[in-house]
Amino acid sequence: MLLFNQLHQLNYYQMSTDTEAPIYTKPALEFKSTSFSVPVLVIQTPELKQIKHQLEEKIAQAPDFFKNSPVLIDLQYVNDTELSFELPPLIEFLHAKKLCAVGISSGNDKQIISALDYHIPVHSIHSSLSESSQENKNLSKPVAPEVTAEKTTKNAINTVENMLVSQPVRSGQRIYAKGDLTILSHVSAGAEVMAEGNIHIYGALRGRALAGVQGNSKSRIFCSALQAELISIAGHYKTSEDFDKLEQHQPTQVFLQDQALIINTL
Amino acid sequence: MARIIVVTSGKGGVGKTTTSAAIAMGLAKKGHKTAVIDFDVGLRNLDLIMGCERRVVYDFVNVINGEATLRQALIKDKRCNQLFILPASQTRDKDALTQEGVGKVLDELSKEFKYIVCDSPAGIERGANLAMYFADDAFVVTNPEVSSVRDSDRMLGILASKSRRAEAGEEAINEYLLLSRYSPERVKLGEMLSVEDVQDILSLHLLGVIPESKSVLNASNSGTPVILDEESNAGQAYADVVARYLGEDVPHRFIDEEKKGLFGKIFGRK
């Protein structure tokens with residue numbers, strides 16, 4: 001079982017069919033990112049006959065569970081065996097069994113093309129996915145299609161990696177956080193702190209701070225005193241020359257509004 | 001086990017060698033067996049400040065290369081029998097130092113000495129990195145001006161990430177600030193950073209403020225560690241530093257301007 005961000009892709013998919021929608025004054029839709037769990041079907045043999053047989057057995061055990069259930073097809077294992085595996089018959093079979101394939105992962109070029117022909121999204125290789133397929137391999141030795149149904153929330157948690165730094169960040173040091181970055185001391189001139197999320201500095205910011213480095217324009221920078229060399233959010237930056245002198249020694253936040261960096265005292 | 005102290009700064013000319021000589025002498029005079037090592041291979045100065053330049057036979061690089069024993073290379077100070085100097089080589093460069101070789105020498109010294117003071121060269125290259133790599137305590141010598149403060153900050157970053165303690169995941173190096181060439185008069189005029197300004201940037205434990213003093217240059221010229229000049233401000237300040245390092249509670253001096261009467265203004269000694 002794996003959790004992944006998929007809703008926005010599905011929404012986009014539905015929306016793209018509706019190109020002549022009238023313009024409403026109120027927003028008619030909204031993009032949101034959320035996670036939910038989807039069973040992963042790890043294909044372990046290219047033998048379609050075997051797959052069909054064993055999948056039918058599984059469905060017979062819990063017909064309600066599988067009815068109209070989304071399923072993600074993981075092809076890494078079967079592709080590792082270097083035997084060719086045709087995707088369309090499997091998709092047709094799943095469809096007949098009222099299972100909705102919502103994506104493939106680790107497919108080869110040919111499989112990706114077939115998946116797209118069926119309007120099935122292609123997911124890039126997911127580290128937690130290969131982990132779970134590894135687990136499945138160990139669980140059942142016989143070569144069989146496996147529908148994983150256990151719920152593991154473990155994989156969902158480590159998608160955001162926040163970081164806490166309790167020491168001063170010294171000149172010449174660089175810190176990169178995949179999530180939010182919290183610093184309990186100051187950031188010296190000549191130091192550089194970067195985060196894909198927000199940056200909180202409980203001290204003076206004298207070096208460079210770059211928030212939302214992967215393009216998250218909602219991220220912000222907070223600091224107890226803004227004496228920075230450079231601040232940047234999602235690529236929009238200002239250098240110390242552009243700051244207002246009055247703001248320098250007060251708690252400050254920096255955020256992005258209409259493509260412009262706003263510096264506000266708190 | 002010996003305590004290994006590195007005297008470092010990043011920037012040159014701030015008083016590392018003066019400080020190394022002074023604190024090594026100070027520790028030795030307190031009765032602790034102390035060795036002071038010059039890591040500035042190629043630009044050797046410590047022997048001059050210690051006044052033993054005419055007694056150098058073997059040096060640090062000879063010991064690392066196995067061309068001399070440690071006993072042969074160590075020079076015993078004539079003023080204090082607890083103090084030994086290991087001079088740098090003047091004919092080689094920093095590449096002659098290897099991490100393994102330095103580690104071996106420090107290990108051997110550790111068996112016999114209580115304190116080992118490593119006089120780091122300026123910069124953040126090999127010599128400076130090896131001087132601080134094995135340290136337990138770091139004395140960061142800083143002048144009250146922006147470039148020195150920034151270089152010290154950079155050095156602190158390196159101390160926190162590239163030392164043996166950092167790599168082994170042990171307790172971090174104790175870092176102490178030593179503010180040298182301080183002149184309260186110039187701070188008052190706004191020409192120099194104050195102790196508070198420097199502390200604001202570096203947030204370090206202040207071990208002492210060494211006032212700007214003519215006696216430092218005189219001491220260097222005569223090959224006497226300034227701490228032996230008990231009359232001078234700088235000598236007294238270094239004595240305070242050593243006492244504080246050893247855990248004594250000594251109030252800070254030389255931070256504020258001295259109040260001088262008319263008599264003092266005319267005849268006052270700096």
# chains A, B, ... in the order shown; residues from 1 in each chain; ligands from 1
$ residues_around --residues "Val242 of chain B" --least-positions-apart "5" --cutoff "9 Å" --atoms "only C-alpha atoms" --output "PDB file with N, CA and C atoms, in the first residue's frame"
ATOM      1  N   ALA B  22      51.977  33.592  24.711  1.00  0.00           N
ATOM      2  CA  ALA B  22      51.575  34.105  26.020  1.00  0.00           C
ATOM      3  C   ALA B  22      50.828  33.056  26.837  1.00  0.00           C
ATOM      4  N   ILE B  23      49.860  32.390  26.216  1.00  0.00           N
ATOM      5  CA  ILE B  23      49.073  31.448  27.025  1.00  0.00           C
ATOM      6  C   ILE B  23      49.878  30.194  27.347  1.00  0.00           C
ATOM      7  N   ALA B  24      50.763  29.789  26.425  1.00  0.00           N
ATOM      8  CA  ALA B  24      51.606  28.623  26.714  1.00  0.00           C
ATOM      9  C   ALA B  24      52.498  28.937  27.920  1.00  0.00           C
ATOM     10  N   GLY B  26      51.890  31.207  30.169  1.00  0.00           N
ATOM     11  CA  GLY B  26      51.002  31.377  31.316  1.00  0.00           C
ATOM     12  C   GLY B  26      50.638  30.040  31.952  1.00  0.00           C
ATOM     13  N   LEU B  27      50.279  29.055  31.118  1.00  0.00           N
ATOM     14  CA  LEU B  27      49.917  27.729  31.636  1.00  0.00           C
ATOM     15  C   LEU B  27      51.119  27.063  32.292  1.00  0.00           C
ATOM     16  N   LYS B  30      51.911  28.386  35.639  1.00  0.00           N
ATOM     17  CA  LYS B  30      50.972  27.911  36.666  1.00  0.00           C
ATOM     18  C   LYS B  30      51.301  26.481  37.087  1.00  0.00           C
ATOM     19  N   LEU B 207      36.734  35.069  26.557  1.00  0.00           N
ATOM     20  CA  LEU B 207      37.761  34.664  27.504  1.00  0.00           C
ATOM     21  C   LEU B 207      38.600  35.852  27.948  1.00  0.00           C
ATOM     22  N   ALA B 237      46.368  41.230  30.926  1.00  0.00           N
ATOM     23  CA  ALA B 237      45.172  40.696  30.266  1.00  0.00           C
ATOM     24  C   ALA B 237      45.373  39.222  29.916  1.00  0.00           C
ATOM     25  N   GLY B 247      39.572  28.127  34.945  1.00  0.00           N
ATOM     26  CA  GLY B 247      38.377  28.042  35.772  1.00  0.00           C
ATOM     27  C   GLY B 247      38.288  29.063  36.891  1.00  0.00           C
ATOM     28  N   GLU B 248      39.265  29.964  36.968  1.00  0.00           N
ATOM     29  CA  GLU B 248      39.192  30.990  38.002  1.00  0.00           C
ATOM     30  C   GLU B 248      38.196  32.075  37.588  1.00  0.00           C
TER      31      GLU B 248
END
$ select_by_dssp --residues "segment 14-115 of chain B" --states "strand (DSSP E)" --output "list in words"
Thr34, Ala35, Val36, Ile37, Asp38, Ile75, Lys76, Leu83, Phe84, Ile85, Leu86 and Tyr115 of chain B
$ write_last_selection --atoms "C-alpha atoms" --output "PDB file, in the first residue's frame"
ATOM      1  CA  THR B  34      52.921  22.630  28.328  1.00  0.00           C
ATOM      2  CA  ALA B  35      54.101  22.225  24.748  1.00  0.00           C
ATOM      3  CA  VAL B  36      53.551  24.850  22.074  1.00  0.00           C
ATOM      4  CA  ILE B  37      53.690  23.821  18.416  1.00  0.00           C
ATOM      5  CA  ASP B  38      54.187  26.125  15.439  1.00  0.00           C
ATOM      6  CA  ILE B  75      63.226  23.055  22.845  1.00  0.00           C
ATOM      7  CA  LYS B  76      63.021  23.613  26.581  1.00  0.00           C
ATOM      8  CA  LEU B  83      57.423  24.859  28.790  1.00  0.00           C
ATOM      9  CA  PHE B  84      58.601  23.238  25.560  1.00  0.00           C
ATOM     10  CA  ILE B  85      58.544  24.588  22.023  1.00  0.00           C
ATOM     11  CA  LEU B  86      58.216  22.538  18.840  1.00  0.00           C
ATOM     12  CA  TYR B 115      48.455  21.186  27.659  1.00  0.00           C
TER      13      TYR B 115
END
$ residues_around --residues "Ala211 of chain A" --least-positions-apart "2" --cutoff "7 Å" --atoms "only C-alpha atoms" --output "PyMOL selection string"
chain A and resi 194-199+209+213+219-221+232-234
$ residues_around --residues "Val41 of chain B" --least-positions-apart "2" --cutoff "8 Å" --atoms "only C-alpha atoms" --output "list in words"
Asp38, Phe39, Leu43, Arg44, Ala88, Ser89, Gln90, Thr91, Arg92, Asp93, Lys94 and Gly127 of chain B
$ write_last_selection --atoms "C-alpha atoms" --output "PDB file, in the first residue's frame"
ATOM      1  CA  ASP B  38      54.187  26.125  15.439  1.00  0.00           C
ATOM      2  CA  PHE B  39      51.967  24.912  12.582  1.00  0.00           C
ATOM      3  CA  LEU B  43      56.594  31.067   7.741  1.00  0.00           C
ATOM      4  CA  ARG B  44      57.903  30.126  11.125  1.00  0.00           C
ATOM      5  CA  ALA B  88      58.009  24.751  12.418  1.00  0.00           C
ATOM      6  CA  SER B  89      60.242  24.113   9.443  1.00  0.00           C
ATOM      7  CA  GLN B  90      61.149  27.216   7.500  1.00  0.00           C
ATOM      8  CA  THR B  91      62.392  25.410   4.390  1.00  0.00           C
ATOM      9  CA  ARG B  92      59.265  23.367   3.705  1.00  0.00           C
ATOM     10  CA  ASP B  93      55.626  24.192   3.035  1.00  0.00           C
ATOM     11  CA  LYS B  94      52.289  23.173   4.560  1.00  0.00           C
ATOM     12  CA  GLY B 127      48.115  24.098   7.902  1.00  0.00           C
TER      13      GLY B 127
END
$ interface_residues --of "chain B" --to "chain A" --cutoff "9 Å" --atoms "only C-alpha atoms" --output "ChimeraX atom specification"
/B:150-158,201-203
$ select_by_dssp --residues "segment 47-213 of chain B" --states "alpha helix (DSSP H)" --output "PyMOL selection string"
chain B and resi 47-50+60-64+70-73+99-112+126-133+146-162+164-168+184-188+195-202
